[in-house]
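Student: First the structure, which I've put down as structure tokens, then a few questions once you've had a look.
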Amino acid sequence: MSDLVPHVGGAAAPTDGDNRYKAVQHKLKTLGTAMDLAGNELEALLRGMRMNADRAEGVAVDIANAELDRKFVEMTNQVSVALGGAAVEVQKLHATAQEVSGLTHDARRTHARLYEGLDDIRSSRKERTPKPGFLAH
């Protein structure tokens with residue numbers, strides 16, 4: 001069995017309409033961190049699946065050498081092949097998680113570069129600022 005334990009109630013960022021600078025930065029950071037953690041867990045899962053596939057292949061050889069019924073050798077080989085195929089798909093998922101993580105961190109840096117100065121100005125003045133779109137009417 002696997003040692004992986006699913007996360008319950010992880011650090012999910014709310015998908016509300018709060019688009020203030022700091023809220024967006026927090027959401028991007030939370031998503032990036034979650035994708036980093038998912039990538040780490042998928043990497044561990046991938047290693048385990050590959051190990052189990054190799055182990056099943058070895059068991060199939062042992063069964064064949066012990067001259068057991070051929071159907072057990074075939075079933076054990078099928079398990080090995082299935083685990084190998086699943087490992088390929090987990091590898092694809094791992095690569096996708098890494099890509100999303102990188103893109104999220106890039107988006108966070110770009111967002112900060114574009115809007116951090118504006119947020120500093122708006123946050124440091126005493127006067128209230130009109131809501132976005134107020135001047136468009």
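Naming works like this for the structure tokens: A, B, ... for the chains as they're shown, residue 1 at the start of each chain, ligands 1 onward in shown order.
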Might you pull out every residue within 9 Å of range 105-108 of chain A, with only C-alpha atoms counted and same-chain residues fewer than 6 positions away left off, and present them as a VMD selection string?

Tutor: chain A and resid 24 to 25 28 to 29 31 to 32

Student: Please produce a file of those selected residues containing N, CA and C atoms, as an mmCIF file, in the first residue's frame.

Tutor:
data_model
loop_
_atom_site.group_PDB
_atom_site.id
_atom_site.type_symbol
_atom_site.label_atom_id
_atom_site.label_comp_id
_atom_site.auth_asym_id
_atom_site.auth_seq_id
_atom_site.Cartn_x
_atom_site.Cartn_y
_atom_site.Cartn_z
ATOM 1 N N VAL A 24 -4.751 39.296 -4.736
ATOM 2 C CA VAL A 24 -4.306 38.558 -5.926
ATOM 3 C C VAL A 24 -2.939 37.942 -5.669
ATOM 4 N N GLN A 25 -2.040 38.700 -5.033
ATOM 5 C CA GLN A 25 -0.721 38.156 -4.709
ATOM 6 C C GLN A 25 -0.847 36.932 -3.797
ATOM 7 N N LEU A 28 -2.186 33.924 -5.839
ATOM 8 C CA LEU A 28 -1.143 33.368 -6.701
ATOM 9 C C LEU A 28 -0.100 32.607 -5.886
ATOM 10 N N LYS A 29 0.250 33.147 -4.721
ATOM 11 C CA LYS A 29 1.216 32.454 -3.861
ATOM 12 C C LYS A 29 0.640 31.130 -3.372
ATOM 13 N N LEU A 31 -1.681 29.275 -4.804
ATOM 14 C CA LEU A 31 -1.734 28.338 -5.922
ATOM 15 C C LEU A 31 -0.343 27.798 -6.242
ATOM 16 N N GLY A 32 0.656 28.656 -6.276
ATOM 17 C CA GLY A 32 2.019 28.216 -6.554
ATOM 18 C C GLY A 32 2.518 27.219 -5.528
#

Student: Within 12 Å of range 15-19 of chain A, which residues of range 71-133 of chain A show up? Give each one with its shortest atom-to-atom distance in Å (one decimal) and the two atoms involved, counting only C-alpha atoms, rows by chain then rising residue number, as JSON lines.

Tutor:
{"residue": "A:His111", "atom": "CA", "partner": "A:Asn19", "partner_atom": "CA", "distance": 11.6}
{"residue": "A:Tyr115", "atom": "CA", "partner": "A:Asn19", "partner_atom": "CA", "distance": 11.6}
{"residue": "A:Asp119", "atom": "CA", "partner": "A:Asn19", "partner_atom": "CA", "distance": 11.8}
{"residue": "A:Lys131", "atom": "CA", "partner": "A:Asn19", "partner_atom": "CA", "distance": 11.6}
{"residue": "A:Pro132", "atom": "CA", "partner": "A:Asn19", "partner_atom": "CA", "distance": 10.4}

Student: Find the residues near Val59 in chain A: any atom within 12 Å, counting only C-alpha atoms, skip ones fewer than 3 places away on the same chain, and give them as a short mmCIF file (atom, residue, chain, number, x, y, z; two decimals) with C-alpha atoms, in the first residue's frame.

Tutor:
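That gives us out-v6.cif:
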data_model
loop_
_atom_site.label_atom_id
_atom_site.label_comp_id
_atom_site.auth_asym_id
_atom_site.auth_seq_id
_atom_site.Cartn_x
_atom_site.Cartn_y
_atom_site.Cartn_z
CA ASN A 52 6.39 -1.57 -7.65
CA ALA A 53 6.40 -2.21 -11.41
CA ASP A 54 10.00 -3.43 -11.22
CA ARG A 55 9.18 -5.55 -8.18
CA ALA A 56 6.17 -7.11 -9.95
CA ASP A 62 10.52 -15.77 -9.81
CA ILE A 63 7.13 -17.37 -10.46
CA ALA A 64 8.29 -18.54 -13.88
CA ASN A 65 11.51 -19.97 -12.40
CA ALA A 66 9.48 -21.79 -9.76
CA LEU A 68 4.13 -22.30 -11.34
CA PHE A 72 0.16 -16.51 -12.69
CA VAL A 73 3.24 -15.40 -14.59
CA GLU A 74 1.03 -13.66 -17.17
CA MET A 75 -1.13 -11.97 -14.53
CA THR A 76 1.93 -10.72 -12.65
CA ASN A 77 3.43 -9.41 -15.89
CA GLN A 78 0.15 -7.61 -16.62
CA VAL A 79 0.33 -5.93 -13.21
CA SER A 80 3.88 -4.80 -13.98
#

Student: A:Ser124, A:Thr110, A:Gln91, A:Ser101: which is nearest Thr30 in chain A, counting only C-alpha atoms?

Tutor: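 Selected residue with least distance to Thr30 in chain A: A:Ser101.
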
Student: Rounded to one decimal, what separation in Å do you get between CA of Gln98 in chain A and CA of Gly39 in chain A?

Tutor: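 Computing the Euclidean distance for CA of Gln98 in chain A and CA of Gly39 in chain A yields 6.0 Å.
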
Student: Write down as a ChimeraX atom specification the residues belonging to range 8-110 of chain A that are assigned alpha helix (DSSP H) by DSSP computed on the backbone.

Tutor: /A:21-65,70-110

Student: Give the answer as one residue: which of A:Gly58, A:Gly85, A:His26, A:Asn40 has the shortest atom-to-atom distance to Arg109 in chain A, using only C-alpha atoms?

Tutor: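 Closest to Arg109 in chain A, using only C-alpha atoms: A:His26.
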
Student: I'd like the interatomic distance between CA of Ala97 in chain A and CA of Arg47 in chain A, to a tenth of an Å.

Tutor: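 We find that CA of Ala97 in chain A and CA of Arg47 in chain A lie 16.1 Å from each other.
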
Student: Which value, in Å to one decimal, gives the distance between CA of Leu46 in chain A and CA of Val90 in chain A?

Tutor: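 Atom-to-atom, CA of Leu46 in chain A and CA of Val90 in chain A are spaced 6.2 Å apart.
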